[in-house]
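Listing of work35.cif; format and content: mmCIF, C-alpha atoms.
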data_my_file
#
loop_
_atom_site.label_atom_id
_atom_site.label_comp_id
_atom_site.auth_asym_id
_atom_site.auth_seq_id
_atom_site.Cartn_x
_atom_site.Cartn_y
_atom_site.Cartn_z
CA MET P 1 -169.45 181.15 115.36
CA THR P 2 -168.72 179.03 112.29
CA LYS P 3 -170.87 179.98 109.34
CA VAL P 4 -172.96 177.39 107.52
CA THR P 5 -171.76 176.97 103.95
CA VAL P 6 -174.38 177.07 101.18
CA ALA P 7 -174.15 176.07 97.52
CA GLU P 8 -176.94 177.02 95.09
CA GLU P 9 -177.58 175.90 91.51
CA TRP P 10 -180.22 176.48 88.85
CA LEU P 11 -181.04 173.92 86.19
CA ASN P 12 -184.01 174.11 83.79
CA ALA P 13 -185.23 177.33 85.39
CA CYS P 14 -185.81 181.07 84.91
CA ALA P 15 -183.93 182.55 87.92
CA GLY P 16 -187.18 183.58 89.61
CA CYS P 17 -186.30 181.37 92.58
CA GLU P 18 -182.92 183.05 92.91
CA ILE P 19 -184.60 186.46 92.90
CA ALA P 20 -186.90 185.13 95.65
CA ILE P 21 -183.79 184.32 97.73
CA LEU P 22 -182.65 187.93 97.37
CA ASN P 23 -186.17 189.10 98.25
CA VAL P 24 -185.76 187.61 101.72
CA GLY P 25 -184.30 191.07 102.31
CA ASP P 26 -183.03 192.18 105.69
CA VAL P 27 -183.30 188.68 107.13
CA LEU P 28 -180.94 187.42 104.40
CA VAL P 29 -178.49 190.25 105.06
CA ASP P 30 -178.39 189.39 108.75
CA LEU P 31 -177.95 185.69 107.95
CA LEU P 32 -175.10 186.40 105.53
CA VAL P 33 -173.32 188.56 108.08
CA ASN P 34 -173.69 186.15 110.98
CA ASN P 35 -174.64 182.65 109.83
CA LEU P 36 -174.34 181.85 106.11
CA ASP P 37 -171.52 181.70 103.61
CA PHE P 38 -172.53 181.16 99.97
CA VAL P 39 -169.64 179.27 98.40
CA HIS P 40 -171.36 178.69 95.06
CA ILE P 41 -174.28 180.49 93.39
CA PRO P 42 -173.67 180.99 89.64
CA VAL P 43 -176.49 183.48 89.10
CA ILE P 44 -174.65 185.92 91.41
CA LEU P 45 -171.05 184.70 91.87
CA ASP P 46 -168.61 183.95 89.07
CA LYS P 47 -167.74 180.36 89.98
CA LYS P 48 -166.75 178.15 87.03
CA TYR P 49 -167.50 174.43 86.92
CA PHE P 50 -164.06 173.52 85.59
CA GLY P 51 -161.91 176.01 87.48
CA GLN P 52 -161.77 179.75 86.96
CA THR P 53 -159.46 179.35 83.95
CA GLY P 54 -160.74 176.00 82.74
CA GLU P 55 -157.76 174.13 84.18
CA GLU P 56 -159.81 171.26 85.65
CA THR P 57 -161.02 168.25 83.70
CA GLU P 58 -164.07 167.34 85.77
CA LEU P 59 -167.05 169.40 86.87
CA SER P 60 -166.60 170.47 90.48
CA ILE P 61 -168.77 172.28 93.01
CA PRO P 62 -167.46 173.23 96.48
CA GLU P 63 -168.57 171.16 99.45
CA ALA P 64 -171.35 172.75 101.51
CA VAL P 65 -173.61 171.93 104.41
CA VAL P 66 -176.73 173.13 102.57
CA GLY P 67 -177.39 172.76 98.85
CA ILE P 68 -180.23 174.60 97.11
CA VAL P 69 -181.30 173.63 93.58
CA SER P 70 -183.96 175.27 91.45
CA GLY P 71 -185.33 174.02 88.13
CA GLY P 72 -186.05 170.64 86.62
CA VAL P 73 -183.60 168.26 84.98
CA ARG P 74 -183.91 168.22 81.20
CA ASN P 75 -180.46 167.41 79.79
CA GLU P 76 -177.25 165.59 80.67
CA GLU P 77 -175.58 168.75 81.96
CA HIS P 78 -178.43 169.39 84.40
CA LYS P 79 -178.16 165.81 85.60
CA GLU P 80 -174.39 166.05 86.06
CA VAL P 81 -174.70 169.27 88.06
CA LEU P 82 -177.47 167.81 90.23
CA LEU P 83 -175.49 164.67 91.01
CA GLU P 84 -172.48 166.80 91.97
CA MET P 85 -174.65 168.95 94.22
CA ARG P 86 -176.05 165.88 95.93
CA LYS P 87 -172.53 164.50 96.39
CA LYS P 88 -171.10 167.72 97.82
CA CYS P 89 -174.01 168.91 100.01
CA GLN P 90 -175.15 167.39 103.29
CA ILE P 91 -178.72 168.73 103.00
CA LEU P 92 -180.35 169.27 99.61
CA ILE P 93 -183.29 171.67 99.18
CA ALA P 94 -185.52 171.57 96.09
CA LEU P 95 -186.43 175.22 95.54
CA GLY P 96 -189.46 176.08 93.43
CA THR P 97 -192.15 174.02 91.75
CA CYS P 98 -189.92 173.12 88.78
CA ALA P 99 -187.54 171.40 91.21
CA THR P 100 -190.19 169.85 93.46
CA ASP P 101 -192.71 168.69 90.84
CA GLY P 102 -191.51 169.49 87.34
CA GLY P 103 -193.49 172.70 86.97
CA ILE P 104 -194.01 174.40 83.63
CA PRO P 105 -190.86 172.90 82.01
CA ALA P 106 -192.24 169.38 82.55
CA MET P 107 -195.16 170.16 80.25
CA ILE P 108 -192.70 169.23 77.48
CA ASN P 109 -193.12 165.62 78.62
CA MET P 110 -196.26 165.52 76.50
CA TYR P 111 -194.11 165.73 73.38
CA SER P 112 -191.20 163.79 71.97
CA ASP P 113 -187.73 165.28 71.66
CA GLU P 114 -188.11 165.27 67.88
CA GLU P 115 -191.34 167.26 68.13
CA LEU P 116 -189.58 169.73 70.41
CA LYS P 117 -186.64 170.23 68.06
CA LYS P 118 -188.84 170.39 64.96
CA PHE P 119 -191.01 173.13 66.42
CA THR P 120 -188.09 175.09 67.88
CA TYR P 121 -185.83 175.05 64.85
CA LYS P 122 -188.19 174.48 61.92
CA ASP P 123 -191.81 175.38 62.63
CA SER P 124 -191.72 178.25 65.11
CA PRO P 125 -193.78 181.14 63.67
CA THR P 126 -191.53 183.76 65.28
CA THR P 127 -188.11 182.61 64.01
CA ASP P 128 -186.59 181.62 60.70
CA PRO P 129 -186.05 177.88 60.12
CA ALA P 130 -182.53 176.65 60.88
CA ASP P 131 -180.53 173.45 61.11
CA TYR P 132 -180.44 171.58 64.39
CA PRO P 133 -177.34 172.51 66.43
CA THR P 134 -174.82 169.70 66.74
CA GLU P 135 -172.07 171.29 68.88
CA HIS P 136 -171.93 172.60 72.45
CA ILE P 137 -175.48 171.48 73.20
CA PRO P 138 -175.91 168.97 76.06
CA PRO P 139 -177.85 165.84 75.00
CA LEU P 140 -181.48 165.82 76.10
CA LEU P 141 -182.77 163.31 78.61
CA ASP P 142 -185.87 161.31 77.70
CA GLN P 143 -188.05 163.78 79.67
CA CYS P 144 -187.90 166.61 82.19
CA TYR P 145 -187.46 165.26 85.73
CA ALA P 146 -188.18 166.64 89.18
CA LEU P 147 -185.12 166.46 91.43
CA ASP P 148 -186.31 163.59 93.63
CA GLU P 149 -186.75 161.34 90.62
CA LEU P 150 -182.95 161.30 90.32
CA VAL P 151 -181.53 162.07 93.78
CA LYS P 152 -182.61 162.19 97.41
CA VAL P 153 -184.16 165.52 98.38
CA ASP P 154 -184.23 166.51 102.04
CA LEU P 155 -186.50 169.54 101.97
CA TYR P 156 -189.11 170.85 99.51
CA LEU P 157 -189.98 174.52 98.98
CA PRO P 158 -192.46 174.75 96.07
CA GLY P 159 -193.66 177.96 94.48
CA CYS P 160 -193.24 179.89 91.24
CA PRO P 161 -191.33 181.43 92.84
CA PRO P 162 -191.42 180.42 96.53
CA HIS P 163 -192.45 183.22 98.86
CA PRO P 164 -189.46 184.68 100.77
CA ASP P 165 -191.27 183.85 104.05
CA TRP P 166 -190.85 180.12 103.41
CA ILE P 167 -187.23 180.43 102.27
CA ALA P 168 -186.31 182.39 105.39
CA GLY P 169 -188.26 179.96 107.56
CA ALA P 170 -186.51 176.95 106.09
CA VAL P 171 -183.03 178.45 106.46
CA LEU P 172 -183.70 179.53 110.05
CA ALA P 173 -185.05 176.05 110.85
CA LEU P 174 -181.90 174.44 109.45
CA LEU P 175 -179.71 176.75 111.49
CA GLU P 176 -181.61 175.56 114.57
CA GLY P 177 -180.87 171.97 113.62
CA LYS P 178 -184.38 171.19 112.38
CA THR P 179 -184.36 169.16 109.16
CA GLU P 180 -188.08 168.36 109.05
CA TYR P 181 -189.29 171.77 107.89
CA ARG P 182 -192.45 171.30 105.82
CA MET P 183 -194.87 173.46 103.93
CA PRO P 184 -198.48 173.29 105.20
CA GLU P 185 -200.52 170.60 103.42
CA LYS P 186 -203.47 172.86 102.71
CA SER P 187 -204.98 174.14 99.50
CA VAL P 188 -205.19 177.72 98.25
CA CYS P 189 -208.90 177.55 99.07
CA ASP P 190 -208.00 177.14 102.75
CA ALA P 191 -206.35 180.58 102.68
CA CYS P 192 -208.79 182.23 100.28
CA PRO P 193 -211.15 184.75 101.95
CA THR P 194 -213.68 184.96 99.10
CA ILE P 195 -217.32 184.05 99.64
CA ARG P 196 -218.35 180.48 98.83
CA GLU P 197 -222.08 180.03 98.53
CA SER P 198 -221.82 176.28 97.81
CA LYS P 199 -224.61 176.52 95.27
CA LYS P 200 -224.63 174.26 92.27
CA GLY P 201 -225.65 175.56 88.89
CA LEU P 202 -222.43 176.22 86.95
CA ALA P 203 -223.38 175.49 83.35
CA ASP P 204 -220.37 176.70 81.40
CA ILE P 205 -216.78 177.62 82.09
CA LYS P 206 -215.87 181.21 81.33
CA ARG P 207 -212.62 182.47 79.87
CA MET P 208 -210.83 185.41 81.44
CA LEU P 209 -211.78 187.49 78.41
CA SER P 210 -214.64 188.60 80.63
CA ALA P 211 -214.23 190.11 84.07
CA PRO P 212 -215.49 188.31 87.17
CA GLU P 213 -218.08 190.03 89.32
CA PHE P 214 -216.57 192.12 92.12
CA ASP P 215 -216.51 195.66 93.43
CA PRO P 216 -212.95 197.03 93.34
CA GLU P 217 -213.85 199.38 96.17
CA LYS P 218 -214.70 196.48 98.48
CA PRO P 219 -212.30 194.04 100.18
CA LEU P 220 -211.49 190.58 98.88
CA ASP P 221 -213.71 188.86 101.41
CA GLU P 222 -216.75 190.43 99.74
CA MET P 223 -216.04 188.88 96.32
CA ARG P 224 -217.68 185.58 95.42
CA CYS P 225 -215.44 182.55 94.79
CA LEU P 226 -214.12 182.70 91.24
CA LEU P 227 -214.69 178.99 90.65
CA GLU P 228 -218.33 179.41 91.63
CA GLN P 229 -218.46 182.29 89.14
CA GLY P 230 -217.38 179.87 86.42
CA TYR P 231 -213.68 180.66 86.10
CA LEU P 232 -211.10 177.87 86.15
CA CYS P 233 -209.48 178.67 89.47
CA LEU P 234 -207.02 175.93 90.43
CA GLY P 235 -207.17 176.77 94.13
CA PRO P 236 -208.86 173.50 95.20
CA VAL P 237 -205.90 171.40 94.03
CA THR P 238 -202.99 173.83 94.55
CA GLY P 239 -200.81 173.98 97.63
CA VAL P 240 -201.13 177.07 99.78
CA GLY P 241 -198.17 179.42 100.20
CA CYS P 242 -198.02 182.12 97.52
CA GLY P 243 -199.20 184.77 99.98
CA GLY P 244 -196.53 183.90 102.51
CA LYS P 245 -197.32 182.82 106.04
CA GLU P 246 -200.13 185.31 106.56
CA GLY P 247 -201.19 186.85 103.24
CA ALA P 248 -204.08 185.97 100.94
CA PRO P 249 -203.33 184.06 97.71
CA ARG P 250 -201.65 186.46 95.30
CA CYS P 251 -203.67 185.75 92.15
CA ILE P 252 -206.94 185.90 94.06
CA SER P 253 -205.83 189.20 95.60
CA ALA P 254 -205.51 190.52 92.04
CA ARG P 255 -209.06 189.23 91.34
CA VAL P 256 -207.88 186.56 88.92
CA PRO P 257 -208.03 182.75 89.33
CA CYS P 258 -205.23 180.73 90.89
CA ARG P 259 -202.90 179.33 88.20
CA GLY P 260 -201.36 176.55 90.26
CA CYS P 261 -197.89 177.95 90.97
CA TYR P 262 -197.37 175.95 94.16
CA GLY P 263 -198.13 172.60 92.56
CA PRO P 264 -200.12 169.79 94.23
CA VAL P 265 -201.32 170.11 97.80
CA ARG P 266 -199.31 167.05 98.82
CA LYS P 267 -197.10 164.35 97.39
CA GLY P 268 -199.08 161.56 95.79
CA ALA P 269 -202.10 163.76 95.07
CA LYS P 270 -204.07 163.29 91.85
CA PRO P 271 -204.93 166.88 90.95
CA LEU P 272 -206.55 166.09 87.60
CA VAL P 273 -209.00 163.72 89.27
CA ASP P 274 -209.49 166.00 92.28
CA TYR P 275 -210.20 168.98 90.05
CA MET P 276 -212.92 167.15 88.20
CA GLY P 277 -214.50 166.62 91.62
CA ALA P 278 -214.17 170.33 92.42
CA LEU P 279 -215.90 171.27 89.17
CA ALA P 280 -218.66 168.76 89.80
CA SER P 281 -219.16 170.22 93.29
CA VAL P 282 -220.18 173.58 91.78
CA GLY P 283 -222.45 171.96 89.22
CA PHE P 284 -220.28 171.63 86.13
CA ASP P 285 -220.65 168.47 84.05
CA PRO P 286 -217.08 167.08 83.59
CA ASN P 287 -218.20 165.39 80.36
CA LYS P 288 -218.32 168.86 78.81
CA MET P 289 -214.63 169.42 79.46
CA PRO P 290 -212.68 169.75 76.18
CA ASP P 291 -210.14 166.95 75.77
CA ARG P 292 -206.99 168.97 75.24
CA ARG P 293 -203.41 167.93 75.75
CA GLY P 294 -201.87 170.17 78.36
CA TYR P 295 -205.07 170.90 80.25
CA LEU P 296 -204.01 171.30 83.89
CA ALA P 297 -200.71 169.72 82.87
CA ARG P 298 -198.67 171.80 85.27
CA PHE P 299 -199.83 169.62 88.14
CA SER P 300 -198.85 166.38 86.51
CA GLY P 301 -195.38 167.68 85.87
CA ALA P 302 -192.59 165.20 86.13
CA HIS P 303 -194.20 163.00 88.74
CA GLY P 304 -196.42 160.82 86.72
CA THR P 305 -200.09 161.34 86.03
CA LEU P 306 -199.44 162.99 82.69
CA LYS P 307 -196.73 161.25 80.74
CA ARG P 308 -195.93 161.46 77.06
CA PRO P 309 -198.91 160.17 75.07
CA VAL P 310 -198.58 156.95 73.11
CA ARG P 311 -198.11 157.62 69.41
CA ARG P 312 -200.08 155.49 66.97
#

Please rewrite the model in this file as structure tokens.
Amino acid sequence: MTKVTVAEEWLNACAGCEIAILNVGDVLVDLLVNNLDFVHIPVILDKKYFGQTGEETELSIPEAVVGIVSGGVRNEEHKEVLLEMRKKCQILIALGTCATDGGIPAMINMYSDEELKKFTYKDSPTTDPADYPTEHIPPLLDQCYALDELVKVDLYLPGCPPHPDWIAGAVLALLEGKTEYRMPEKSVCDACPTIRESKKGLADIKRMLSAPEFDPEKPLDEMRCLLEQGYLCLGPVTGVGCGGKEGAPRCISARVPCRGCYGPVRKGAKPLVDYMGALASVGFDPNKMPDRRGYLARFSGAHGTLKRPVRR
């Protein structure tokens, strides 16, 4: 049986998605032995862009049936690598919320490149001021992009990082010739077992400096919904998936609010607007919400509801 070739790349990312691939575990081992052949994965294999000894003059990635890319696109090098992956791979998978929606890196879109450089090299309280680097640094793009803003993406696997269940499921589906593998379009609340009393009366939002009410000796399904307790749980506007195909949401299982790792429930959603509705449904007055740049910004990401503010 001919193995399916796979190329994997990481762009503006942390390698958490690559670790999630390894965490597929025994299923991945079986797939590598019988079905898959990774021809390019820089985080694990030493494969140079310009030949192993630098003998080539153009960036090159081996051809593959399946391409997997994690991270957003922030500079010209990221863009060049992404375009080469799209050119060389028949099926392109966006792996992780940074790739599918911009994720945490796209929060930089609220600031100009000059603000970014000034803070990093001049104003950071943890480092000494230094001159801006002028050599060996790829030029920045005008913002951080999700993959599908620049190339066609065939399959989306959000998550920070994606649960190994979904990675294994997607790969197995592709091996069976199915290219329409999709994550469920449900929210974290749909998988959350906590008690919702649907009572209005939330006056103020609490910070996690105080502990929510729960009995650690009792199961999760005996704890009251954290949003109803006044904590900013992003479950109503976050896609389900962090617990895998069967498990409860991971943050909720640790008795802390959802932080939005899986991004919007569906493409085209307006999480900022939807979340105001969720707060209103438990009795909070949205007019009391502090107007802060970056509030819930993870959801806006690269896809559009939160772009760089106009400077006056």

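Take the candidates P:Leu36, P:Val27, P:Leu116, P:Leu147 and check each one against Val69 in chain P using only C-alpha atoms; the shortest distance goes to P:Leu147.
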
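Minimum distance to Asp30 in chain P across P:Ala168, P:Ala280, P:Thr100, P:Glu9 (counting all atoms listed in the file) occurs at P:Ala168.
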
message = Running the PyMOL selection byres ((chain P and resi 237-246) around 10) on this model by hand, what would come out? Give it as number ranges by chain.
response = P: 157-167, 169, 183-192, 233-236, 247-253, 258-266, 269-275, 278, 299

Answer key for the PyMOL selection byres ((chain P and resi 105) around 10), residues as a PyMOL selection string = chain P and resi 12-13+71-74+97-99+101-104+106-109+143-146+298+301-302

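Put simply, the PyMOL selection byres ((chain P and resi 42-51) around 10) in this file takes in Ala7, Glu8, Glu9, Trp10, Ala15, Glu18, Ile19, Phe38, Val39, His40, Ile41, Gln52, Thr53, Gly54, Glu55, Glu56, Thr57, Glu58, Leu59, Ser60, Ile61, Pro62 and Val81 of chain P.
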
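Atom pair CA of Asn35 in chain P / CA of Leu175 in chain P has a distance of 8.0 Å (rounded to one decimal).
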